[in-house]
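*Asks:* Got a structure for you, protein29.pdb, holding PDB, C-alpha atoms.
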MODEL        1
ATOM      1  CA  MET Q   1     116.499 -33.112 -20.741
ATOM      2  CA  ARG Q   2     113.045 -33.588 -22.190
ATOM      3  CA  LEU Q   3     109.799 -33.440 -20.266
ATOM      4  CA  ILE Q   4     107.085 -35.543 -21.856
ATOM      5  CA  VAL Q   5     103.491 -35.070 -20.703
ATOM      6  CA  MET Q   6     100.797 -37.616 -21.562
ATOM      7  CA  PHE Q   7      97.181 -37.179 -20.632
ATOM      8  CA  ASP Q   8      93.783 -38.777 -20.988
ATOM      9  CA  LEU Q   9      91.103 -36.343 -19.923
ATOM     10  CA  PRO Q  10      87.345 -36.916 -20.010
ATOM     11  CA  VAL Q  11      85.280 -34.813 -22.427
ATOM     12  CA  LEU Q  12      81.784 -35.945 -21.449
ATOM     13  CA  THR Q  13      80.530 -32.697 -19.913
ATOM     14  CA  ALA Q  14      80.977 -29.039 -20.810
ATOM     15  CA  THR Q  15      83.204 -28.617 -17.741
ATOM     16  CA  ASN Q  16      85.373 -31.559 -18.841
ATOM     17  CA  ARG Q  17      85.773 -30.099 -22.315
ATOM     18  CA  ARG Q  18      86.670 -26.676 -20.871
ATOM     19  CA  ASP Q  19      89.281 -28.268 -18.566
ATOM     20  CA  TYR Q  20      90.733 -30.172 -21.529
ATOM     21  CA  ARG Q  21      91.010 -27.016 -23.665
ATOM     22  CA  GLN Q  22      92.537 -25.000 -20.828
ATOM     23  CA  PHE Q  23      95.124 -27.688 -20.047
ATOM     24  CA  ARG Q  24      96.090 -28.023 -23.714
ATOM     25  CA  LYS Q  25      96.424 -24.223 -24.024
ATOM     26  CA  LEU Q  26      98.553 -24.213 -20.858
ATOM     27  CA  LEU Q  27     100.923 -26.774 -22.389
ATOM     28  CA  LEU Q  28     101.228 -24.742 -25.586
ATOM     29  CA  SER Q  29     101.805 -21.496 -23.669
ATOM     30  CA  GLU Q  30     104.551 -23.222 -21.652
ATOM     31  CA  GLY Q  31     106.370 -24.122 -24.880
ATOM     32  CA  PHE Q  32     105.320 -27.739 -25.287
ATOM     33  CA  LEU Q  33     105.084 -29.315 -28.745
ATOM     34  CA  MET Q  34     102.575 -31.990 -29.645
ATOM     35  CA  LEU Q  35     104.219 -35.333 -30.472
ATOM     36  CA  GLN Q  36     100.921 -37.161 -30.822
ATOM     37  CA  GLU Q  37      97.399 -36.492 -29.726
ATOM     38  CA  SER Q  38      97.535 -36.075 -25.938
ATOM     39  CA  VAL Q  39     101.350 -36.456 -25.866
ATOM     40  CA  TYR Q  40     103.388 -33.264 -25.566
ATOM     41  CA  MET Q  41     107.116 -32.628 -25.142
ATOM     42  CA  ARG Q  42     109.364 -29.756 -24.116
ATOM     43  CA  VAL Q  43     113.119 -29.316 -23.920
ATOM     44  CA  ALA Q  44     114.403 -28.361 -20.472
ATOM     45  CA  VAL Q  45     117.835 -26.972 -19.689
ATOM     46  CA  SER Q  46     118.406 -29.189 -16.651
ATOM     47  CA  LYS Q  47     116.754 -31.847 -14.542
ATOM     48  CA  GLN Q  48     115.901 -29.209 -11.946
ATOM     49  CA  SER Q  49     114.105 -27.025 -14.486
ATOM     50  CA  ALA Q  50     112.219 -30.074 -15.799
ATOM     51  CA  GLU Q  51     111.148 -30.964 -12.254
ATOM     52  CA  PHE Q  52     110.088 -27.352 -11.612
ATOM     53  CA  LEU Q  53     107.974 -27.348 -14.780
ATOM     54  CA  GLU Q  54     106.544 -30.746 -13.839
ATOM     55  CA  ALA Q  55     105.467 -29.414 -10.433
ATOM     56  CA  ARG Q  56     103.960 -26.312 -12.061
ATOM     57  CA  LEU Q  57     101.884 -28.454 -14.423
ATOM     58  CA  ALA Q  58     100.818 -30.724 -11.557
ATOM     59  CA  SER Q  59      99.421 -27.728  -9.697
ATOM     60  CA  MET Q  60      97.381 -26.704 -12.772
ATOM     61  CA  ALA Q  61      96.253 -30.147 -13.988
ATOM     62  CA  PRO Q  62      92.508 -30.783 -14.255
ATOM     63  CA  PRO Q  63      90.893 -32.538 -11.276
ATOM     64  CA  GLU Q  64      89.582 -35.439 -13.399
ATOM     65  CA  GLY Q  65      91.375 -37.755 -15.785
ATOM     66  CA  ILE Q  66      94.979 -38.920 -15.955
ATOM     67  CA  VAL Q  67      98.032 -36.711 -16.507
ATOM     68  CA  GLN Q  68     101.448 -38.381 -16.517
ATOM     69  CA  SER Q  69     104.931 -36.983 -16.999
ATOM     70  CA  LEU Q  70     108.266 -38.493 -17.903
ATOM     71  CA  ILE Q  71     111.691 -36.847 -17.799
ATOM     72  CA  VAL Q  72     114.226 -38.331 -20.219
ATOM     73  CA  THR Q  73     117.721 -37.377 -21.310
ATOM     74  CA  GLU Q  74     118.539 -36.173 -24.807
ATOM     75  CA  LYS Q  75     120.242 -39.509 -25.526
ATOM     76  CA  GLN Q  76     117.165 -41.463 -24.449
ATOM     77  CA  TYR Q  77     114.891 -39.193 -26.490
ATOM     78  CA  ALA Q  78     117.150 -39.508 -29.555
ATOM     79  CA  SER Q  79     116.912 -43.302 -29.352
ATOM     80  CA  MET Q  80     113.152 -43.172 -29.963
ATOM     81  CA  LYS Q  81     112.221 -45.273 -32.966
ATOM     82  CA  PHE Q  82     109.374 -44.652 -35.376
ATOM     83  CA  LEU Q  83     107.613 -47.944 -36.017
ATOM     84  CA  THR Q  84     105.108 -46.265 -38.328
ATOM     85  CA  GLY Q  85     105.253 -42.785 -39.803
ATOM     86  CA  GLU Q  86     108.145 -40.425 -40.311
ATOM     87  CA  THR Q  87     110.057 -38.005 -38.149
ATOM     88  CA  ILE Q  88     109.297 -34.324 -38.625
ATOM     89  CA  LYS Q  89     112.428 -32.295 -39.296
ATOM     90  CA  ASP Q  90     111.501 -29.289 -37.173
ATOM     91  CA  VAL Q  91     114.181 -27.271 -35.397
ATOM     92  CA  ARG Q  92     111.784 -26.839 -32.448
ATOM     93  CA  ASN Q  93     111.944 -30.608 -31.911
ATOM     94  CA  THR Q  94     115.756 -30.670 -31.601
ATOM     95  CA  ASP Q  95     118.207 -29.244 -29.144
ATOM     96  CA  ASP Q  96     119.994 -27.272 -31.916
ATOM     97  CA  ARG Q  97     118.640 -23.991 -30.552
ATOM     98  CA  LEU Q  98     119.358 -24.884 -26.908
ATOM     99  CA  VAL Q  99     121.807 -22.487 -25.293
ATOM    100  CA  VAL Q 100     123.095 -23.285 -21.813
ATOM    101  CA  ILE Q 101     124.520 -20.305 -19.939
TER
ENDMDL
END
Kindly return the structure encoded in the file as structure tokens.
*Replies:*
Amino acid sequence: MRLIVMFDLPVLTATNRRDYRQFRKLLLSEGFLMLQESVYMRVAVSKQSAEFLEARLASMAPPEGIVQSLIVTEKQYASMKFLTGETIKDVRNTDDRLVVI
């Protein structure tokens, strides 16, 4: 499973900018990788673990702006097409290191 988080947060005030930085640091500390600006992804072992992580992020999301999440299967994620640009061959962006116990 993959959990994709997309967000559009305001950066008009100092508080907004602080909330943005804290949320981005939270995503990175939780193991998310940036796919694009404001689009982050993480591999999850199961649907339940993805939903748990989704709920955890929801409880820590900034009060203003939009934060959306999407849970997709590995097959759905693998069918993503690049219309412009190239894929990055990074082992962190594959399930090669995923070990299910």
*Asks:* Check which residues satisfy the PyMOL selection byres ((chain Q and resi 64) around 10) in the file shown, then give them as a PyMOL selection string.
*Replies:* chain Q and resi 8-10+16+19-20+61-63+65-67
*Asks:* Can you give me, as a ChimeraX atom specification, the residues this file yields under the PyMOL selection byres ((chain Q and resi 34-48) around 7)?
*Replies:* /Q:1-8,31-33,49-52,100
*Asks:* So what do you get for CA of Leu53 in chain Q versus CA of Leu27 in chain Q, distance-wise?
*Replies:*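 Computing the Euclidean distance for CA of Leu53 in chain Q and CA of Leu27 in chain Q yields 10.4 Å.
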*Asks:* Could you work out how far CA of Leu26 in chain Q lies from CA of Ala58 in chain Q, giving the answer in Å with one decimal?
*Replies:*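 Taking CA of Ala58 in chain Q as the start and CA of Leu26 in chain Q as the end point, the length is 11.6 Å.
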*Asks:* Separation of CA of Leu57 in chain Q and CA of Arg18 in chain Q, in Å?
*Replies:* 16.6 Å
*Asks:* Pick from Q:Val11, Q:Phe82, Q:Arg24, Q:Ala55: nearest to Ser69 in chain Q, with only C-alpha atoms counted?
*Replies:* Q:Ala55
*Asks:* How big is the axis-aligned box around the listed atoms of range 9-23 of chain Q once 3 Å is added on each side, and where is its centre? Give both in Å to one decimal, as AutoDock Vina command-line options.
*Replies:*
--center_x 87.8 --center_y -31.0 --center_z -20.7 --size_x 20.6 --size_y 17.9 --size_z 11.9
